[in-house]
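Asks: Mind looking over this structure? Questions follow.
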Amino acid sequence: MAYDAIVIGSGPNGLVAASVLARAGQRVLVLEANPTRAGGAVGSEAATRPGFVHDVGAAFFPWATLSPAFIDLQLGDFGLEWSGAPIESCHPAPDGSYACIAKDHDVTARHFGSARDGDTWRQIASWYAGIEPHVINLLMRSFPTVGPALRMMPWDLLKLSSVFLSRGAALARRWFETEAARRVMPGLALHVDVGPDDLFGAALGFMLGMTATTGGYVVPRGGAQSITNALVKFLGHHGGQLMLDARVDRVIVRNDRACAVRLFDGTEIEGRAILADTAAPRLLLDLVEREYVPGRLVEFMQRYPQGWGTFKVDWALSEPVPWACEPARRSAVVHAGDSLDDLSRFTRQVRSGALPDNPYLVIGQQSLWDSTRAPQGCHTLWAYSRVPPSPAGGWREHAEAFGDRIDARIEGLAPGFRQTVLGRRVVAPTDLERMDANLIGGDLGGGSNAWHRQLMFRPLFPHFRYRMPVRGLYLCSSYAHPGAGVHGMCGHNAAHIALRDLESAR
C-alpha cells in the first residue's frame, strides 16, 4: 500500500506531524524502531522497582498547556490529564537562600530572595502575561513570523529585544539584587547547553521562567507515556497507522524525489512525502544516499554542533524528599545551582570535558502530584545534570560514582535523603543513545541551542523551513525550528508545510 505521508520516528514531533496530516485526510504511516512502545524519549517505564513509574526522558512540561500544537489537537479528549503543583520551581542553595516561581505572583513575590526582587519579578511576569500569545507565535510558528511582531506595541518589542540580546548573568544582575533571585533564570537556561555568560543567552531562561507563571510545570497523570498514548489515539481516530519494530534503513530517492523508505528487513513502503523525526545528521548522513545531499551539507552534518550530554538518575523513595527548604517540598521542580559563579563554573567544567564536581541539577517530583507513579506512601524522583558526552575513561568507569555525587548533592540540600532511597538507576549519555538513536551523545536538545543554532540557522540555512535538499523530504524533529521542548511545534509546522506541498502536487 502506498501512503501520502510516511513519518520516521514516533517522538512527540513525529506523532504531532502524523496527526495533523491524518486529520487533513492524508493516508499516514508512522514507523517506530522500538519494538514495544511509541514515544521515543517521551515515555515511562518501571526502572527501579515494581510499581514505580519513571519517565524515560522529559518529565515535566512547561509548554503543555501553551503549545499551539497541543491546543490544536485537544489531547484531553483522548485521555490526557495534567496535574500541577502549588509552586512550579524552587531554587535552594546550601546557605539556606532560595527563590521560588509560582503561577500566583503574590506567592512568588514572598519567596523570591527579597521584597524588592519579588516586586520586580511580579512586574516582569505581569508584563509578559499581556504579550505572551504574541511571543509564543513569534517564537514557535514557522520562521519568519512577521505577523506576531507587528501585533506587539513598539515598547514591548524593544523591551523583549533587550532581554533576548542579553547574556543570562548580565540580565539577572541588572534586574535583581539578591543572589537567590539572580541564579533563577540562568539556571533554567541550563536545561540545555546555554551558560550564564553566553552571548544572547538570556532568552531561554527568561521564557522558561515566564511560562512557569502562565502554563506551569505540569506533569501528565500516569507518566510521560500518557502524552504519547493520547497522540497515538488521536492518530488512530483519524485513520493514521503506527508500526512498531520498524527500523528504517534508507529513504529511497527516485527522479530526485523522496518516494519511499526501506526497512532493515528489506520491506519497501511508498510515500508521497517522507517526514523524519530524527536527528539531522542521522537523516542526511545515514538515511539518504550521499549523492543526493550537497557536499557542504554533508561536511556540516559530519561536524554537527551537538548539545551537551545528559546524565539522568531515577530513584524509588520510601517517602518524599526531606528538603531543608520547606517550599521545595511543595514544588514541581527543584533546581540545584548555588550561585551565578557556581553555574558559570559548572558550564566551564562541562565544556572542558570534565565531570562537574558540584553538578547543577534539574529535579522532578512528579509523584507528589500524581499518585499513580508509586505505591501508596512511596514516591519517585527524577533528576538530570549536563555532562560531557564522553569523559576520559568512558562512562562505564564513571557512571555509578557520578550518580553518588548527585546523591550527595541532594543530601546537602535535603539531609536524610539517602535513607529514603529504595532503589536507584543511573542513565549515562551512552545509555540514552542506546534507548533512542536520535539522542546523540545523550543530547536531549536536538543539537546545540546556542543563539547561532536557532531560527534560520536551525538546522542550517536555507533549510530552516523543514524542507530538506531532496524534494518530498522534511525534517520534523527538535533539530528543526523551534527546537527542544515537548511542544510538538517542529512536527506541527513541518506537517503544514508538507500538507501544502502535497495538496499543490495533486
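Residue names in the C-alpha cells use chain letters A, B, ... in the order shown, residue numbers from 1 in each chain, and ligand numbers from 1 in the order shown.
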Quick one: everything within 10 Å of Asp436 in chain A, counting only C-alpha atoms, minus sequence neighbours fewer than 2 positions away in the same chain. Send it as an NGL selection string.
Replies: :A and (9 or 11 or 33-34 or 39-41 or 278 or 430-434 or 438-440 or 442)
Asks: Based on the backbone DSSP call, show me all residues of range 266-438 of chain A assigned strand (DSSP E or B), as a PyMOL selection string.
Replies: chain A and resi 268-276+309-317+331-336+361-364+379-387+421-427
Asks: Could you produce a table of the residues of range 237-346 of chain A lying within 12 Å of range 456-468 of chain A, with the nearest pair of atoms per residue and their separation in Å rounded to one decimal, using only C-alpha atoms, ordered by chain and increasing residue number, as CSV?
Replies:
residue,atom,partner,partner_atom,distance
A:Asp256,CA,A:Met468,CA,11.9
A:Arg257,CA,A:Met468,CA,10.6
A:Ala258,CA,A:Met468,CA,10.0
A:Ala273,CA,A:Arg467,CA,10.5
A:Ile274,CA,A:Met468,CA,10.2
A:Leu275,CA,A:Tyr466,CA,9.0
A:Ala276,CA,A:Tyr466,CA,9.7
A:Asp277,CA,A:Tyr466,CA,10.9
A:Ala279,CA,A:Pro459,CA,9.9
A:Ala280,CA,A:Pro459,CA,7.2
A:Pro281,CA,A:Pro459,CA,9.7
A:Leu283,CA,A:Met468,CA,9.7
A:Leu284,CA,A:Met468,CA,8.8
A:Val288,CA,A:Met468,CA,10.7
A:Tyr292,CA,A:Met468,CA,10.5
A:Val293,CA,A:Met468,CA,9.1
A:Pro294,CA,A:Met468,CA,10.7
A:Arg296,CA,A:Leu460,CA,10.7
A:Leu297,CA,A:Leu460,CA,8.3
A:Val298,CA,A:Leu460,CA,11.4
A:Glu299,CA,A:Leu460,CA,11.9
A:Phe300,CA,A:Leu460,CA,8.6
A:Met301,CA,A:Pro459,CA,9.4
A:Tyr304,CA,A:Pro459,CA,9.1
A:Pro305,CA,A:Pro459,CA,9.8
A:Gln306,CA,A:Pro459,CA,10.9
Asks: Do you have the CA of Phe164 in chain A-CA of Tyr384 in chain A distance handy?
Replies: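 Interatomic distance here is 26.0 Å.
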Asks: Show which residues sit within 12 Å of Ala93 in chain A, as a ChimeraX atom specification. Count only C-alpha atoms, and ignore same-chain residues fewer than 2 positions away.
Replies: /A:90-91,95-100,113,179-181,183-184,323-325,328,334-340,342-343,358,360-361,409-414
Asks: Just want the 10 Å neighbourhood of Gln454 in chain A, counted on only C-alpha atoms, with same-chain residues fewer than 5 positions away dropped. Output as a PDB file with all heavy atoms, in the first residue's frame.
Replies:
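Saved the output as result-v8.pdb:
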ATOM      1  N   SER A 448      22.885  21.680  19.496  1.00  0.00           N
ATOM      2  CA  SER A 448      23.140  22.849  20.321  1.00  0.00           C
ATOM      3  C   SER A 448      21.992  23.852  20.233  1.00  0.00           C
ATOM      4  O   SER A 448      21.376  24.026  19.176  1.00  0.00           O
ATOM      5  CB  SER A 448      24.432  23.531  19.877  1.00  0.00           C
ATOM      6  OG  SER A 448      24.633  24.729  20.592  1.00  0.00           O
ATOM      7  N   ASN A 449      21.719  24.505  21.369  1.00  0.00           N
ATOM      8  CA  ASN A 449      20.698  25.552  21.411  1.00  0.00           C
ATOM      9  C   ASN A 449      21.317  26.934  21.560  1.00  0.00           C
ATOM     10  O   ASN A 449      20.649  27.879  21.986  1.00  0.00           O
ATOM     11  CB  ASN A 449      19.721  25.284  22.554  1.00  0.00           C
ATOM     12  CG  ASN A 449      18.726  24.201  22.198  1.00  0.00           C
ATOM     13  OD1 ASN A 449      17.619  24.479  21.756  1.00  0.00           O
ATOM     14  ND2 ASN A 449      19.103  22.942  22.370  1.00  0.00           N
ATOM     15  N   PRO A 459      18.075  23.598  11.066  1.00  0.00           N
ATOM     16  CA  PRO A 459      19.405  23.086  11.405  1.00  0.00           C
ATOM     17  C   PRO A 459      20.531  23.774  10.622  1.00  0.00           C
ATOM     18  O   PRO A 459      21.661  23.788  11.069  1.00  0.00           O
ATOM     19  CB  PRO A 459      19.321  21.620  11.009  1.00  0.00           C
ATOM     20  CG  PRO A 459      18.389  21.620   9.844  1.00  0.00           C
ATOM     21  CD  PRO A 459      17.357  22.678  10.175  1.00  0.00           C
ATOM     22  N   LEU A 460      20.203  24.352   9.455  1.00  0.00           N
ATOM     23  CA  LEU A 460      21.213  25.037   8.653  1.00  0.00           C
ATOM     24  C   LEU A 460      20.501  25.829   7.568  1.00  0.00           C
ATOM     25  O   LEU A 460      19.568  25.333   6.932  1.00  0.00           O
ATOM     26  CB  LEU A 460      22.177  24.028   8.013  1.00  0.00           C
ATOM     27  CG  LEU A 460      23.274  24.606   7.107  1.00  0.00           C
ATOM     28  CD1 LEU A 460      24.290  25.369   7.962  1.00  0.00           C
ATOM     29  CD2 LEU A 460      23.974  23.496   6.330  1.00  0.00           C
ATOM     30  N   PHE A 464      15.707  25.885   6.958  1.00  0.00           N
ATOM     31  CA  PHE A 464      15.054  26.115   8.240  1.00  0.00           C
ATOM     32  C   PHE A 464      13.544  25.976   8.171  1.00  0.00           C
ATOM     33  O   PHE A 464      12.888  26.000   9.200  1.00  0.00           O
ATOM     34  CB  PHE A 464      15.438  27.498   8.784  1.00  0.00           C
ATOM     35  CG  PHE A 464      15.056  28.637   7.890  1.00  0.00           C
ATOM     36  CD1 PHE A 464      13.813  29.240   7.988  1.00  0.00           C
ATOM     37  CD2 PHE A 464      15.943  29.117   6.934  1.00  0.00           C
ATOM     38  CE1 PHE A 464      13.455  30.305   7.174  1.00  0.00           C
ATOM     39  CE2 PHE A 464      15.604  30.185   6.116  1.00  0.00           C
ATOM     40  CZ  PHE A 464      14.353  30.771   6.228  1.00  0.00           C
ATOM     41  N   TYR A 479      15.554  19.018  15.933  1.00  0.00           N
ATOM     42  CA  TYR A 479      16.678  19.609  15.207  1.00  0.00           C
ATOM     43  C   TYR A 479      16.195  20.709  14.266  1.00  0.00           C
ATOM     44  O   TYR A 479      17.010  21.431  13.706  1.00  0.00           O
ATOM     45  CB  TYR A 479      17.414  18.533  14.409  1.00  0.00           C
ATOM     46  CG  TYR A 479      18.336  17.690  15.247  1.00  0.00           C
ATOM     47  CD1 TYR A 479      17.835  16.706  16.095  1.00  0.00           C
ATOM     48  CD2 TYR A 479      19.708  17.873  15.207  1.00  0.00           C
ATOM     49  CE1 TYR A 479      18.684  15.930  16.876  1.00  0.00           C
ATOM     50  CE2 TYR A 479      20.567  17.104  15.987  1.00  0.00           C
ATOM     51  CZ  TYR A 479      20.041  16.136  16.817  1.00  0.00           C
ATOM     52  OH  TYR A 479      20.889  15.382  17.600  1.00  0.00           O
ATOM     53  N   ALA A 480      14.896  20.834  14.082  1.00  0.00           N
ATOM     54  CA  ALA A 480      14.308  21.903  13.276  1.00  0.00           C
ATOM     55  C   ALA A 480      13.762  22.990  14.205  1.00  0.00           C
ATOM     56  O   ALA A 480      13.647  22.799  15.418  1.00  0.00           O
ATOM     57  CB  ALA A 480      13.196  21.342  12.391  1.00  0.00           C
ATOM     58  N   HIS A 481      13.437  24.133  13.646  1.00  0.00           N
ATOM     59  CA  HIS A 481      12.823  25.230  14.396  1.00  0.00           C
ATOM     60  C   HIS A 481      11.453  24.794  14.923  1.00  0.00           C
ATOM     61  O   HIS A 481      10.714  24.138  14.204  1.00  0.00           O
ATOM     62  CB  HIS A 481      12.674  26.439  13.469  1.00  0.00           C
ATOM     63  CG  HIS A 481      11.910  27.575  14.070  1.00  0.00           C
ATOM     64  ND1 HIS A 481      12.441  28.400  15.032  1.00  0.00           N
ATOM     65  CD2 HIS A 481      10.641  28.010  13.860  1.00  0.00           C
ATOM     66  CE1 HIS A 481      11.545  29.298  15.373  1.00  0.00           C
ATOM     67  NE2 HIS A 481      10.451  29.079  14.679  1.00  0.00           N
ATOM     68  N   PRO A 482      11.048  25.139  16.164  1.00  0.00           N
ATOM     69  CA  PRO A 482      11.727  25.990  17.140  1.00  0.00           C
ATOM     70  C   PRO A 482      12.603  25.249  18.139  1.00  0.00           C
ATOM     71  O   PRO A 482      13.001  25.828  19.146  1.00  0.00           O
ATOM     72  CB  PRO A 482      10.560  26.661  17.849  1.00  0.00           C
ATOM     73  CG  PRO A 482       9.488  25.627  17.834  1.00  0.00           C
ATOM     74  CD  PRO A 482       9.643  24.910  16.527  1.00  0.00           C
ATOM     75  N   GLY A 483      12.913  23.993  17.886  1.00  0.00           N
ATOM     76  CA  GLY A 483      13.903  23.318  18.698  1.00  0.00           C
ATOM     77  C   GLY A 483      13.354  22.520  19.859  1.00  0.00           C
ATOM     78  O   GLY A 483      12.232  22.018  19.837  1.00  0.00           O
TER      79      GLY A 483
END
Asks: Quick one: pull the distance between CA of Gly271 in chain A and CA of Asp72 in chain A, Å, one decimal.
Replies: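 Here the two named atoms are 25.4 Å from each other.
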Asks: With range 108-111 of chain A as the partner and 12 Å as the cut-off, tabulate the residues of range 177-265 of chain A that qualify, each row holding the nearest pair of atoms and their distance in Å to one decimal, using only C-alpha atoms, sorted by chain and rising number, as JSON lines.
Replies:
{"residue": "A:Thr178", "atom": "CA", "partner": "A:His111", "partner_atom": "CA", "distance": 11.8}
{"residue": "A:Ala180", "atom": "CA", "partner": "A:His111", "partner_atom": "CA", "distance": 9.7}
{"residue": "A:Ala181", "atom": "CA", "partner": "A:His111", "partner_atom": "CA", "distance": 9.3}
{"residue": "A:Gly209", "atom": "CA", "partner": "A:Thr108", "partner_atom": "CA", "distance": 11.4}
{"residue": "A:Met210", "atom": "CA", "partner": "A:Thr108", "partner_atom": "CA", "distance": 11.8}
{"residue": "A:Ala212", "atom": "CA", "partner": "A:Thr108", "partner_atom": "CA", "distance": 10.8}
{"residue": "A:Thr213", "atom": "CA", "partner": "A:Thr108", "partner_atom": "CA", "distance": 9.1}
Asks: Go ahead and dump the residues you just picked, all heavy atoms, as a PDB file, in the first residue's frame.
Replies:
ATOM      1  N   THR A 178      19.501  40.147  44.903  1.00  0.00           N
ATOM      2  CA  THR A 178      19.959  39.020  45.716  1.00  0.00           C
ATOM      3  C   THR A 178      20.482  37.898  44.829  1.00  0.00           C
ATOM      4  O   THR A 178      20.016  37.700  43.702  1.00  0.00           O
ATOM      5  CB  THR A 178      18.816  38.462  46.583  1.00  0.00           C
ATOM      6  OG1 THR A 178      17.775  37.953  45.735  1.00  0.00           O
ATOM      7  CG2 THR A 178      18.244  39.536  47.485  1.00  0.00           C
ATOM      8  N   ALA A 180      19.998  34.795  45.353  1.00  0.00           N
ATOM      9  CA  ALA A 180      18.932  33.800  45.211  1.00  0.00           C
ATOM     10  C   ALA A 180      18.082  34.076  43.973  1.00  0.00           C
ATOM     11  O   ALA A 180      17.760  33.164  43.208  1.00  0.00           O
ATOM     12  CB  ALA A 180      18.058  33.787  46.464  1.00  0.00           C
ATOM     13  N   ALA A 181      17.715  35.336  43.775  1.00  0.00           N
ATOM     14  CA  ALA A 181      16.912  35.697  42.601  1.00  0.00           C
ATOM     15  C   ALA A 181      17.738  35.660  41.324  1.00  0.00           C
ATOM     16  O   ALA A 181      17.249  35.252  40.262  1.00  0.00           O
ATOM     17  CB  ALA A 181      16.312  37.087  42.802  1.00  0.00           C
ATOM     18  N   GLY A 209      11.241  30.756  32.682  1.00  0.00           N
ATOM     19  CA  GLY A 209      10.758  31.400  33.896  1.00  0.00           C
ATOM     20  C   GLY A 209       9.367  31.961  33.734  1.00  0.00           C
ATOM     21  O   GLY A 209       8.502  31.811  34.600  1.00  0.00           O
ATOM     22  N   MET A 210       9.122  32.609  32.604  1.00  0.00           N
ATOM     23  CA  MET A 210       7.813  33.222  32.382  1.00  0.00           C
ATOM     24  C   MET A 210       6.715  32.179  32.153  1.00  0.00           C
ATOM     25  O   MET A 210       5.600  32.323  32.665  1.00  0.00           O
ATOM     26  CB  MET A 210       7.889  34.166  31.175  1.00  0.00           C
ATOM     27  CG  MET A 210       8.736  35.417  31.415  1.00  0.00           C
ATOM     28  SD  MET A 210       8.172  36.457  32.790  1.00  0.00           S
ATOM     29  CE  MET A 210       9.390  36.038  34.052  1.00  0.00           C
ATOM     30  N   ALA A 212       6.552  29.360  33.441  1.00  0.00           N
ATOM     31  CA  ALA A 212       6.203  28.795  34.741  1.00  0.00           C
ATOM     32  C   ALA A 212       5.077  29.572  35.397  1.00  0.00           C
ATOM     33  O   ALA A 212       4.296  29.021  36.175  1.00  0.00           O
ATOM     34  CB  ALA A 212       7.429  28.784  35.655  1.00  0.00           C
ATOM     35  N   THR A 213       4.962  30.869  35.085  1.00  0.00           N
ATOM     36  CA  THR A 213       3.939  31.710  35.698  1.00  0.00           C
ATOM     37  C   THR A 213       2.612  31.659  34.943  1.00  0.00           C
ATOM     38  O   THR A 213       1.608  32.162  35.437  1.00  0.00           O
ATOM     39  CB  THR A 213       4.405  33.181  35.765  1.00  0.00           C
ATOM     40  OG1 THR A 213       4.445  33.730  34.442  1.00  0.00           O
ATOM     41  CG2 THR A 213       5.781  33.291  36.389  1.00  0.00           C
TER      42      THR A 213
END
Asks: Do you have the CA of Ser226 in chain A-CA of Leu80 in chain A distance handy?
Replies: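 Result for CA of Ser226 in chain A versus CA of Leu80 in chain A: 6.2 Å, one decimal.
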Asks: Report as number ranges by chain all protein, DNA and RNA residues lying within 7 Å of range 371-375 of chain A, evaluated on only C-alpha atoms, omitting residues in the same chain fewer than 2 positions from it.
Replies: A: 51-53, 222, 367-369, 377-380
Asks: Write out as a ChimeraX atom specification all residues of range 242-484 of chain A that backbone DSSP assigns to alpha helix (DSSP H).
Replies: /A:280-281,295-302,340-351,395-413,429-435
